[in-house]
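query_31.csv follows; it contains CSV, C-alpha atoms and all ligand atoms.
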chain,number,residue,atom,x,y,z
A,663,LYS,CA,54.8,86.2,-55.1
A,664,CYS,CA,55.7,84.2,-58.2
A,665,PHE,CA,59.0,84.2,-60.2
A,666,ILE,CA,61.6,85.4,-57.7
A,667,SER,CA,65.2,85.0,-59.0
A,668,ASP,CA,67.3,82.9,-56.6
A,669,GLY,CA,64.2,82.7,-54.3
A,670,SER,CA,65.0,79.1,-53.5
A,671,GLU,CA,68.6,79.9,-52.5
A,672,ALA,CA,68.4,83.4,-50.9
A,673,LYS,CA,68.6,83.9,-47.1
A,674,TYR,CA,67.3,87.5,-47.1
A,675,PHE,CA,64.4,88.9,-49.1
A,676,THR,CA,63.5,92.6,-49.6
A,677,VAL,CA,59.7,92.7,-49.8
A,678,CYS,CA,57.7,95.8,-50.7
A,679,ALA,CA,54.1,95.9,-49.6
A,680,ALA,CA,51.3,98.3,-48.9
A,681,LEU,CA,50.3,98.9,-45.3
A,682,ASP,CA,46.9,100.1,-46.3
A,683,ARG,CA,45.3,98.6,-49.4
A,684,ASN,CA,43.2,101.7,-50.0
A,685,ARG,CA,46.3,103.9,-50.1
A,686,PRO,CA,49.0,101.7,-51.7
A,687,LEU,CA,51.2,104.4,-53.1
A,688,GLN,CA,51.3,106.4,-49.9
A,689,THR,CA,51.9,103.4,-47.6
A,690,TRP,CA,54.2,101.3,-49.8
A,691,THR,CA,56.9,100.1,-47.4
A,692,THR,CA,60.0,97.9,-47.8
A,693,PHE,CA,60.7,95.0,-45.4
A,694,LEU,CA,63.5,92.6,-44.8
A,695,VAL,CA,62.2,89.0,-44.6
A,696,GLU,CA,64.5,86.2,-43.5
A,697,ARG,CA,64.3,82.6,-44.5
A,698,GLY,CA,63.2,80.7,-41.4
A,699,MET,CA,60.6,83.3,-40.3
A,700,GLU,CA,57.4,81.6,-39.3
A,701,GLY,CA,54.9,81.3,-42.2
A,702,PHE,CA,57.5,82.0,-44.9
A,703,SER,CA,58.3,79.3,-47.4
A,704,THR,CA,59.5,78.8,-51.1
A,705,PRO,CA,57.3,75.9,-52.2
A,706,ARG,CA,58.0,75.9,-55.9
A,707,VAL,CA,60.9,76.3,-58.4
A,708,GLU,CA,59.7,77.2,-61.9
A,709,LEU,CA,60.6,75.1,-65.0
A,710,LYS,CA,61.8,77.9,-67.3
A,711,MET,CA,62.4,78.1,-71.1
A,712,GLY,CA,65.7,80.0,-70.8
A,713,GLN,CA,68.2,81.2,-68.2
A,714,ARG,CA,67.8,77.9,-66.5
A,715,ALA,CA,71.0,78.3,-64.4
A,716,SER,CA,69.2,81.0,-62.5
A,717,HIS,CA,66.3,79.6,-60.5
A,718,ALA,CA,63.0,81.4,-60.2
A,719,ALA,CA,61.0,80.4,-57.2
A,720,GLU,CA,57.6,81.2,-55.7
A,721,LEU,CA,57.6,82.8,-52.3
A,722,LEU,CA,54.7,82.0,-50.0
A,723,PHE,CA,53.8,84.4,-47.1
A,724,GLU,CA,51.3,82.9,-44.6
A,725,ASP,CA,50.7,85.5,-41.8
A,726,VAL,CA,54.4,86.2,-41.6
A,727,PHE,CA,55.2,88.5,-38.7
A,728,VAL,CA,57.9,91.1,-39.6
A,729,PRO,CA,59.2,93.0,-36.6
A,730,GLU,CA,59.8,96.8,-36.7
A,731,SER,CA,63.5,96.2,-36.8
A,732,HIS,CA,63.1,94.7,-40.3
A,733,CYS,CA,61.4,97.8,-41.8
A,734,LEU,CA,63.9,99.3,-44.3
A,735,GLY,CA,63.7,103.0,-44.3
A,736,TYR,CA,60.6,104.7,-43.0
A,737,GLU,CA,57.1,103.3,-43.4
A,738,GLY,CA,55.9,104.8,-46.8
A,739,ASP,CA,59.4,105.0,-48.2
A,740,GLY,CA,58.8,101.9,-50.4
A,741,MET,CA,58.1,103.8,-53.6
A,742,GLY,CA,61.2,106.0,-53.4
A,743,ASN,CA,64.1,103.9,-52.2
A,744,GLY,CA,62.2,100.6,-52.2
A,745,ILE,CA,61.1,100.4,-55.8
A,746,LEU,CA,62.0,103.2,-58.1
A,747,MET,CA,65.6,103.7,-57.0
A,748,ILE,CA,66.2,100.0,-57.1
A,749,MET,CA,64.6,99.8,-60.6
A,750,ALA,CA,66.7,102.7,-61.7
A,751,ALA,CA,69.8,100.8,-60.7
A,752,SER,CA,68.8,97.3,-61.8
A,753,ARG,CA,67.1,97.7,-65.1
A,754,GLY,CA,70.2,98.9,-67.0
A,755,PRO,CA,72.1,95.7,-66.2
A,756,VAL,CA,69.2,93.7,-67.8
A,757,GLY,CA,70.2,95.6,-70.9
A,758,SER,CA,73.8,94.4,-70.5
A,759,ILE,CA,72.6,90.8,-70.0
A,760,ALA,CA,70.6,91.0,-73.2
A,761,THR,CA,73.6,92.5,-75.0
A,762,GLY,CA,75.8,89.6,-73.8
A,763,ILE,CA,73.2,87.1,-75.0
A,764,ALA,CA,73.0,88.9,-78.4
A,765,ARG,CA,76.8,89.0,-78.7
A,766,GLY,CA,76.9,85.2,-78.0
A,767,ALA,CA,74.3,84.6,-80.7
A,768,PHE,CA,76.2,86.8,-83.1
A,769,GLN,CA,79.5,85.0,-82.6
A,770,HIS,CA,77.9,81.7,-83.3
A,771,PHE,CA,76.1,83.0,-86.3
A,772,LEU,CA,79.3,84.5,-87.6
A,773,ALA,CA,81.1,81.1,-87.1
A,774,TRP,CA,78.2,79.4,-89.0
A,775,ALA,CA,78.4,82.1,-91.8
A,776,LYS,CA,82.1,81.4,-92.3
A,777,SER,CA,81.9,77.7,-92.2
A,778,LYS,CA,81.6,75.6,-95.4
A,779,ARG,CA,78.1,74.2,-96.0
A,780,ASN,CA,77.5,72.1,-99.2
A,781,GLY,CA,80.8,73.4,-100.6
A,782,LYS,CA,79.9,77.1,-100.1
A,783,ARG,CA,80.3,79.6,-97.2
A,784,PRO,CA,77.1,81.5,-96.3
A,785,ILE,CA,79.1,84.7,-95.9
A,786,GLU,CA,79.7,84.7,-99.6
A,787,GLU,CA,76.1,85.9,-100.0
A,788,ASP,CA,75.3,89.6,-99.7
A,789,ARG,CA,72.1,89.0,-97.7
A,790,ILE,CA,74.2,87.3,-95.0
A,791,ARG,CA,76.9,90.0,-95.1
A,792,MET,CA,74.2,92.7,-94.7
A,793,ALA,CA,72.6,90.7,-91.8
A,794,LEU,CA,75.9,90.5,-90.1
A,795,ALA,CA,76.3,94.3,-90.4
A,796,ASP,CA,72.8,94.9,-89.0
A,797,MET,CA,73.5,92.6,-86.1
A,798,TRP,CA,76.8,94.3,-85.3
A,799,GLY,CA,74.9,97.6,-85.4
A,800,MET,CA,72.4,96.4,-82.9
A,801,ILE,CA,75.1,95.2,-80.5
A,802,GLN,CA,76.8,98.6,-80.7
A,803,GLU,CA,73.5,100.4,-80.2
A,804,ASN,CA,72.9,98.3,-77.1
A,805,ARG,CA,76.4,98.9,-75.7
A,806,GLY,CA,75.9,102.7,-76.1
A,807,LEU,CA,72.5,102.5,-74.3
A,808,TYR,CA,73.5,100.4,-71.3
A,809,MET,CA,76.9,102.0,-70.9
A,810,SER,CA,75.6,105.5,-70.8
A,811,ASN,CA,73.0,104.4,-68.2
A,812,ALA,CA,75.8,102.7,-66.2
A,813,MET,CA,78.0,105.8,-66.3
A,814,LEU,CA,75.1,108.0,-65.1
A,815,GLY,CA,74.5,105.5,-62.3
A,816,ASP,CA,78.2,105.6,-61.4
A,817,CYS,CA,78.1,109.4,-61.1
A,818,ILE,CA,74.9,109.4,-59.0
A,819,PHE,CA,75.6,106.5,-56.6
A,820,GLY,CA,79.3,107.3,-56.6
A,821,LYS,CA,78.7,110.6,-54.8
A,822,ALA,CA,76.4,108.9,-52.2
A,823,LEU,CA,78.8,106.0,-51.6
A,824,ASP,CA,82.1,107.9,-51.7
A,825,ASN,CA,81.8,110.7,-49.2
A,826,PRO,CA,83.4,111.4,-45.8
A,827,VAL,CA,80.5,110.0,-43.7
A,828,MET,CA,80.3,106.8,-45.7
A,829,ASN,CA,84.1,106.4,-45.9
A,830,LEU,CA,84.4,106.9,-42.1
A,831,THR,CA,81.6,104.3,-41.5
A,832,LEU,CA,83.2,101.8,-43.8
A,833,SER,CA,86.7,102.4,-42.3
A,834,LEU,CA,85.3,101.1,-38.9
A,835,PRO,CA,86.1,97.5,-38.2
A,836,PRO,CA,83.0,95.2,-39.0
A,837,SER,CA,82.7,94.3,-35.3
A,838,LEU,CA,82.0,98.0,-34.6
A,839,ARG,CA,80.0,98.8,-37.7
A,840,THR,CA,77.5,96.0,-37.2
A,841,ASN,CA,77.4,95.8,-33.4
A,842,LYS,CA,74.1,96.1,-31.5
A,843,PRO,CA,74.2,99.8,-30.6
A,844,MET,CA,75.1,100.7,-34.1
A,845,ARG,CA,72.3,98.6,-35.6
A,846,THR,CA,69.8,100.0,-33.0
A,847,PHE,CA,70.8,103.6,-34.0
A,848,LEU,CA,70.6,102.9,-37.8
A,849,ASN,CA,67.1,101.3,-37.2
A,850,SER,CA,65.9,104.2,-35.1
A,851,TYR,CA,63.9,107.2,-36.3
A,852,TYR,CA,67.1,109.4,-36.2
A,853,GLY,CA,69.3,106.8,-37.8
A,854,LYS,CA,66.9,106.5,-40.7
A,855,ALA,CA,66.8,110.3,-40.9
A,856,MET,CA,70.6,110.3,-41.2
A,857,ILE,CA,70.6,107.8,-44.0
A,858,ASN,CA,67.8,109.6,-45.9
A,859,TYR,CA,69.6,112.9,-45.3
A,860,ILE,CA,72.8,111.5,-46.9
A,861,LEU,CA,70.8,110.1,-49.8
A,862,ARG,CA,69.0,113.4,-50.4
A,863,PHE,CA,72.2,115.4,-49.9
A,864,TYR,CA,74.1,113.6,-52.6
A,865,ILE,CA,71.3,112.3,-54.9
A,866,LYS,CA,68.9,114.8,-56.6
A,867,ASP,CA,65.4,113.8,-57.6
A,868,GLU,CA,66.0,114.9,-61.2
A,869,ASP,CA,69.2,112.8,-61.5
A,870,MET,CA,67.4,109.7,-60.1
A,871,THR,CA,64.5,110.3,-62.5
A,872,GLN,CA,66.9,110.6,-65.4
A,873,LEU,CA,68.6,107.4,-64.3
A,874,LEU,CA,65.2,105.6,-64.2
A,875,GLU,CA,64.4,106.8,-67.7
A,876,THR,CA,67.8,105.8,-69.2
A,877,ALA,CA,67.6,102.4,-67.4
A,878,SER,CA,64.1,101.7,-68.9
A,879,LEU,CA,65.3,102.8,-72.3
A,880,ALA,CA,68.4,100.5,-72.2
A,881,LYS,CA,66.3,97.7,-70.8
A,882,PHE,CA,63.6,97.5,-73.5
A,883,SER,CA,65.8,98.5,-76.4
A,884,CYS,CA,68.6,96.0,-75.6
A,885,ALA,CA,66.1,93.2,-74.9
A,886,ASP,CA,64.1,93.8,-78.1
A,887,ASN,CA,67.3,94.0,-80.2
A,888,ALA,CA,68.6,90.7,-78.6
A,889,MET,CA,65.4,88.9,-79.5
A,890,GLU,CA,65.4,90.3,-83.0
A,891,LEU,CA,69.0,89.4,-83.6
A,892,CYS,CA,68.5,85.8,-82.4
A,893,SER,CA,65.3,85.4,-84.4
A,894,ARG,CA,66.9,86.8,-87.6
A,895,ALA,CA,70.0,84.5,-87.1
A,896,LEU,CA,67.8,81.5,-86.8
A,897,SER,CA,65.7,82.4,-89.8
A,898,LEU,CA,68.9,82.7,-91.9
A,899,MET,CA,70.4,79.5,-90.6
A,900,GLY,CA,67.4,77.6,-91.6
A,901,PRO,CA,66.2,74.3,-90.2
A,902,GLU,CA,69.5,72.4,-90.7
A,903,ASP,CA,70.9,71.2,-87.4
A,904,SER,CA,74.4,72.4,-86.4
A,905,GLU,CA,76.2,73.1,-83.2
A,906,GLU,CA,76.1,76.9,-84.0
A,907,ARG,CA,72.4,76.8,-84.6
A,908,ARG,CA,71.8,75.0,-81.2
A,909,TRP,CA,73.8,77.8,-79.5
A,910,VAL,CA,71.7,80.5,-81.2
A,911,GLU,CA,68.5,78.6,-80.2
A,912,LYS,CA,69.7,78.7,-76.6
A,913,CYS,CA,70.4,82.4,-76.9
A,914,TYR,CA,66.9,83.0,-78.2
A,915,ARG,CA,65.4,81.2,-75.2
A,916,ASP,CA,67.6,83.1,-72.8
A,917,ALA,CA,66.9,86.5,-74.4
A,918,LYS,CA,63.1,86.1,-74.0
A,919,LEU,CA,63.3,86.6,-70.3
A,920,THR,CA,65.1,90.0,-70.7
A,921,GLN,CA,61.8,91.3,-72.2
A,922,ILE,CA,59.9,90.2,-69.2
A,923,TYR,CA,61.6,90.7,-65.8
A,924,GLU,CA,62.4,94.0,-64.2
A,925,GLY,CA,59.0,95.2,-65.6
A,926,THR,CA,57.9,94.0,-69.0
A,927,ASN,CA,59.2,96.0,-72.0
A,928,GLN,CA,55.7,97.5,-72.4
A,929,LEU,CA,55.8,98.9,-68.9
A,930,ASN,CA,59.4,100.2,-69.5
A,931,ARG,CA,58.2,102.0,-72.6
A,932,LEU,CA,55.5,103.7,-70.5
A,933,VAL,CA,58.1,104.7,-68.0
A,934,VAL,CA,60.1,106.5,-70.7
A,935,ASN,CA,56.9,108.2,-71.9
A,936,ASN,CA,55.8,109.2,-68.4
A,937,VAL,CA,59.2,110.6,-67.5
A,938,ARG,CA,60.2,112.3,-70.8
A,939,PHE,CA,57.0,113.2,-72.7
A,940,GLU,CA,54.3,113.7,-70.2
A,941,GLU,CA,56.4,114.4,-67.1
A,942,THR,CA,54.0,112.5,-64.9
A,943,LEU,CA,56.6,110.2,-63.3
A,944,ARG,CA,59.3,111.6,-61.0
A,945,VAL,CA,61.5,109.7,-58.5
A,946,GLU,CA,61.5,111.3,-55.1
A,947,VAL,CA,64.5,110.3,-53.0
A,948,PRO,CA,63.1,109.6,-49.5
A,949,ARG,CA,63.1,112.6,-47.0
A,950,PRO,CA,64.5,112.6,-43.5
A,951,PHE,CA,62.2,113.0,-40.4
A,952,LYS,CA,59.2,111.6,-42.2
A,953,LYS,CA,55.8,111.6,-40.4
A,954,GLY,CA,54.0,108.3,-39.9
A,955,VAL,CA,51.9,107.2,-42.9
A,956,MET,CA,49.3,105.3,-40.8
A,957,ALA,CA,48.1,108.2,-38.7
B,1,LIG,C1,62.1,84.2,-64.5
B,1,LIG,C2,61.6,85.4,-63.8
B,1,LIG,C3,62.3,86.0,-62.7
B,1,LIG,C4,61.8,87.0,-62.0
B,1,LIG,N1,62.5,87.5,-60.9
B,1,LIG,C5,62.0,88.5,-60.2
B,1,LIG,C6,62.6,88.9,-59.0
B,1,LIG,O1,63.7,88.4,-58.6
B,1,LIG,N2,62.0,89.8,-58.2
B,1,LIG,C7,60.8,90.4,-58.5
B,1,LIG,O2,60.3,91.2,-57.8
B,1,LIG,N3,60.2,90.0,-59.7
B,1,LIG,C8,60.7,89.1,-60.5
B,1,LIG,N4,60.1,88.6,-61.6
B,1,LIG,C9,58.7,89.2,-61.9
B,1,LIG,C10,58.7,90.1,-63.1
B,1,LIG,O3,59.3,91.3,-62.8
B,1,LIG,C11,57.3,90.2,-63.6
B,1,LIG,O4,56.9,89.0,-64.0
B,1,LIG,C12,57.2,91.2,-64.7
B,1,LIG,O5,57.4,92.5,-64.2
B,1,LIG,C13,55.8,91.2,-65.3
B,1,LIG,O6,54.8,91.4,-64.3
B,1,LIG,P1,53.6,90.4,-64.2
B,1,LIG,O7,54.1,89.0,-64.3
B,1,LIG,O8,52.8,90.8,-63.1
B,1,LIG,O9,52.8,90.6,-65.6
B,1,LIG,P2,51.6,91.6,-65.9
B,1,LIG,O10,52.0,92.9,-65.3
B,1,LIG,O11,50.4,90.9,-65.4
B,1,LIG,O12,51.7,91.7,-67.4
B,1,LIG,C14,51.1,90.7,-68.3
B,1,LIG,C15,51.2,91.2,-69.7
B,1,LIG,O13,50.4,92.4,-69.8
B,1,LIG,C16,51.2,93.5,-70.3
B,1,LIG,N5,50.8,94.8,-69.7
B,1,LIG,C17,50.6,95.0,-68.3
B,1,LIG,N6,50.2,96.3,-68.1
B,1,LIG,C18,50.2,96.9,-69.3
B,1,LIG,C19,50.0,98.2,-69.8
B,1,LIG,N7,49.6,99.2,-68.9
B,1,LIG,N8,50.1,98.4,-71.1
B,1,LIG,C20,50.5,97.5,-72.0
B,1,LIG,N9,50.7,96.2,-71.6
B,1,LIG,C21,50.6,95.9,-70.3
B,1,LIG,C22,52.6,93.1,-69.9
B,1,LIG,O14,53.6,93.8,-70.8
B,1,LIG,C23,52.6,91.6,-70.1
B,1,LIG,O15,52.8,91.3,-71.4
B,1,LIG,C24,60.6,87.6,-62.4
B,1,LIG,C25,59.9,87.1,-63.5
B,1,LIG,C26,60.4,86.0,-64.2
B,1,LIG,C27,59.6,85.5,-65.3
If you took the structure in this file and wrote it as C-alpha cells, what would it be?
Amino acid sequence: KCFISDGSEAKYFTVCAALDRNRPLQTWTTFLVERGMEGFSTPRVELKMGQRASHAAELLFEDVFVPESHCLGYEGDGMGNGILMIMAASRGPVGSIATGIARGAFQHFLAWAKSKRNGKRPIEEDRIRMALADMWGMIQENRGLYMSNAMLGDCIFGKALDNPVMNLTLSLPPSLRTNKPMRTFLNSYYGKAMINYILRFYIKDEDMTQLLETASLAKFSCADNAMELCSRALSLMGPEDSEERRWVEKCYRDAKLTQIYEGTNQLNRLVVNNVRFEETLRVEVPRPFKKGVMA
C-alpha cells in the first residue's frame, strides 16, 4: 500500500481488506497490524512536493499472519466502521488543514501587498484590493464548511462517547480497563456486539450519512479554494523573488496534497452526488450479533 502518512513512524496500523476478492463489499474487514509482525515492513519513504514534515511511506505485506484477536469489529464490518465512519470523521479536518494553508498564503500575500515595491505599494491598485477581498471570502467560506461539519461530528460522536456506559468504562483505572479478561471480552463475539450496540444506539445511519456528505463537501471545497487562492496570489505577485512569495510557493505545494488524500476531490464530489442527489450511498453503522460473512 503506497502513500501512508506516518507509515515509517507508526507502531500500529489499521488495515482494511476483503476476505473474499469476489465479494469485496460484503467481506471488507478491518485489522490491526503491528510493526514487528512477520512479513510486514515499510521499505520506502516518498519524496514529496509539499507537506514534507509529514512522512508518507509504503507498507509492504508479505504473507502477514494477522490473528483473530486483531480483527477490529466483526468480519465484514469494514465498510461501516472501518472506512465510511472513519472517512466521515477524517475528511472534514482535511478541509481545516487546507484552510490553514490558505490563511498562511493570504497573510503573506497581504504583507507583500502592503510592502513598498519600486516606490509603490501593490495594495494601492484596485485589482489587488479586489483579489484580497476574494481571498478573504474564500477563507470565510472554508471556515463555514469545515466548522459546520465539525459541529455535526461533535453532536454525533459526542453522544456515543459521553454516555453512562462509556463514562463508567473510562472511569475504571487503566490497569482494569486494559487487563486480559477485559480485552478478551471486548474481542469476543458478545464484546463486539456490545460495542456495535452502543454505536447503533447513539449514532443513526442518517446522521452518519449526513456527516460523510458534509465532510466530503468541506474537503473538496476547502482544498480547491486553497489551491485557487495560492495560485492567484502567485500570479499577482509575479516572478520577482521575495520572502513573501517563497512562503506562498510553499503554501501552494502544501495545498496540493489536500486535493489528493482522504479520497481525491473527484471522488469526494461523487460522494456528495451519491448521498444527496441520487441517494445511492448510505452509511450503515455496524449491527450487533452479526452472522459470519464467510459462510
Ligand atoms: C502524501 C499522501 C499521504 C497519504 N496518506 C494516506 C494514509 O495515511 N492512509 C491511506 O489509507 N491512504 C493515504 N493516502 C492515499 C490517498 O488517499 C490516495 O492516494 C487517494 O485517495 C487517491 O487514490 P489513488 O492514489 O488510488 O488514485 P486513483 O483512485 O487511482 O486516482 C487517480 C486519478 O483518477 C481520478 N479518478 C479515479 N476514479 C475516478 C472517477 N470515478 N471519476 C473521476 N475521476 C476519478 C482521481 O481523482 C485521480 O485524479 C495518501 C496519499 C498521499 C499522496
Please report, as CSV, each residue of region 717-783 of chain A lying at most 8 Å from region 900-920 of chain A, together with the nearest pair of atoms and the separation in Å rounded to one decimal; use all atoms listed in the file, and order rows by chain and ascending residue number.
residue,atom,partner,partner_atom,distance
A:Val756,CA,A:Thr920,CA,6.2
A:Gly757,CA,A:Thr920,CA,7.6
A:Ile759,CA,A:Thr920,CA,7.6
A:Ala760,CA,A:Ala917,CA,5.9
A:Ile763,CA,A:Cys913,CA,5.8
A:Ala764,CA,A:Cys913,CA,7.2
A:Gly766,CA,A:Cys913,CA,7.2
A:Ala767,CA,A:Val910,CA,4.9
A:Phe768,CA,A:Val910,CA,8.0
A:His770,CA,A:Glu906,CA,5.2
A:Phe771,CA,A:Glu906,CA,6.5
A:Ala773,CA,A:Glu906,CA,7.2
A:Trp774,CA,A:Glu906,CA,6.0
Produce a table with one row for each residue of chain A that has an atom at most 8 Å from any atom of ligand LIG 1 (chain B), each row naming the nearest atom pair and its distance in Å at one decimal; use all atoms listed in the file; arrange rows by chain and rising residue number; format as a Markdown table.
| residue | atom | partner | partner_atom | distance |
| --- | --- | --- | --- | --- |
| A:Lys663 | CA | B:LIG1 | O2 | 7.9 |
| A:Cys664 | CA | B:LIG1 | C9 | 6.9 |
| A:Phe665 | CA | B:LIG1 | C4 | 4.3 |
| A:Ile666 | CA | B:LIG1 | O1 | 3.8 |
| A:Ser667 | CA | B:LIG1 | O1 | 3.7 |
| A:Asp668 | CA | B:LIG1 | O1 | 6.9 |
| A:Gly669 | CA | B:LIG1 | O1 | 7.2 |
| A:Glu708 | CA | B:LIG1 | C1 | 7.8 |
| A:Lys710 | CA | B:LIG1 | C1 | 6.9 |
| A:Gln713 | CA | B:LIG1 | C1 | 7.7 |
| A:His717 | CA | B:LIG1 | C1 | 7.4 |
| A:Ala718 | CA | B:LIG1 | C1 | 5.2 |
| A:Ala719 | CA | B:LIG1 | C3 | 8.0 |
| A:Leu919 | CA | B:LIG1 | C27 | 6.3 |
| A:Ile922 | CA | B:LIG1 | C12 | 5.3 |
| A:Tyr923 | CA | B:LIG1 | O3 | 3.8 |
| A:Glu924 | CA | B:LIG1 | O3 | 4.3 |
| A:Gly925 | CA | B:LIG1 | O5 | 3.4 |
| A:Thr926 | CA | B:LIG1 | O14 | 4.7 |
| A:Asn927 | CA | B:LIG1 | O14 | 6.1 |
| A:Gln928 | CA | B:LIG1 | O14 | 4.5 |
| A:Leu929 | CA | B:LIG1 | O14 | 5.9 |
| A:Leu932 | CA | B:LIG1 | N8 | 7.6 |
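Going from CA of Val827 (chain A) to CA of Pro729 (chain A) covers 28.2 Å.
Between CA of Met870 (chain A) and CA of Lys673 (chain A) the interatomic distance comes to 28.9 Å.
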- Task: Write out as a VMD selection string which residues come within 12 Å of region 939-943 of chain A when counting only C-alpha atoms, dropping same-chain ones fewer than 4 positions away.
- Result: chain A and resid 741 to 742 746 867 to 868 870 to 872 874 to 875 931 to 935
What are the nearest atom pairs, with distances in Å to one decimal, for all residues of region 735-853 of chain A that come at most 8 Å from region 677-696 of chain A, using only C-alpha atoms, set out by chain and rising residue number as CSV?
residue,atom,partner,partner_atom,distance
A:Gly735,CA,A:Thr692,CA,7.2
A:Tyr736,CA,A:Thr691,CA,7.4
A:Glu737,CA,A:Thr691,CA,5.1
A:Gly738,CA,A:Thr689,CA,4.3
A:Asp739,CA,A:Thr691,CA,5.6
A:Gly740,CA,A:Thr691,CA,4.0
A:Met741,CA,A:Trp690,CA,6.0
A:Gly744,CA,A:Thr692,CA,5.6
A:Ile745,CA,A:Cys678,CA,7.7
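For the set A:Leu794, A:Leu838, A:Ile865, A:Met828, the residue with the smallest atom-to-atom gap to Arg765 (chain A) is A:Leu794, counting only C-alpha atoms.
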- Pick out the closest residue to Tyr851 (chain A) from this set: A:Ser752, A:Thr831, A:Ser731, A:Ser703. Count all atoms listed in the file. A:Ser731
- Surrounding residues of Ser758 (chain A) excluding itself and chain neighbours under 6 positions, 10 Å, all atoms listed in the file, as a PyMOL selection string: chain A and resi 764+804-805+807-809+812+880-881+884-885+920
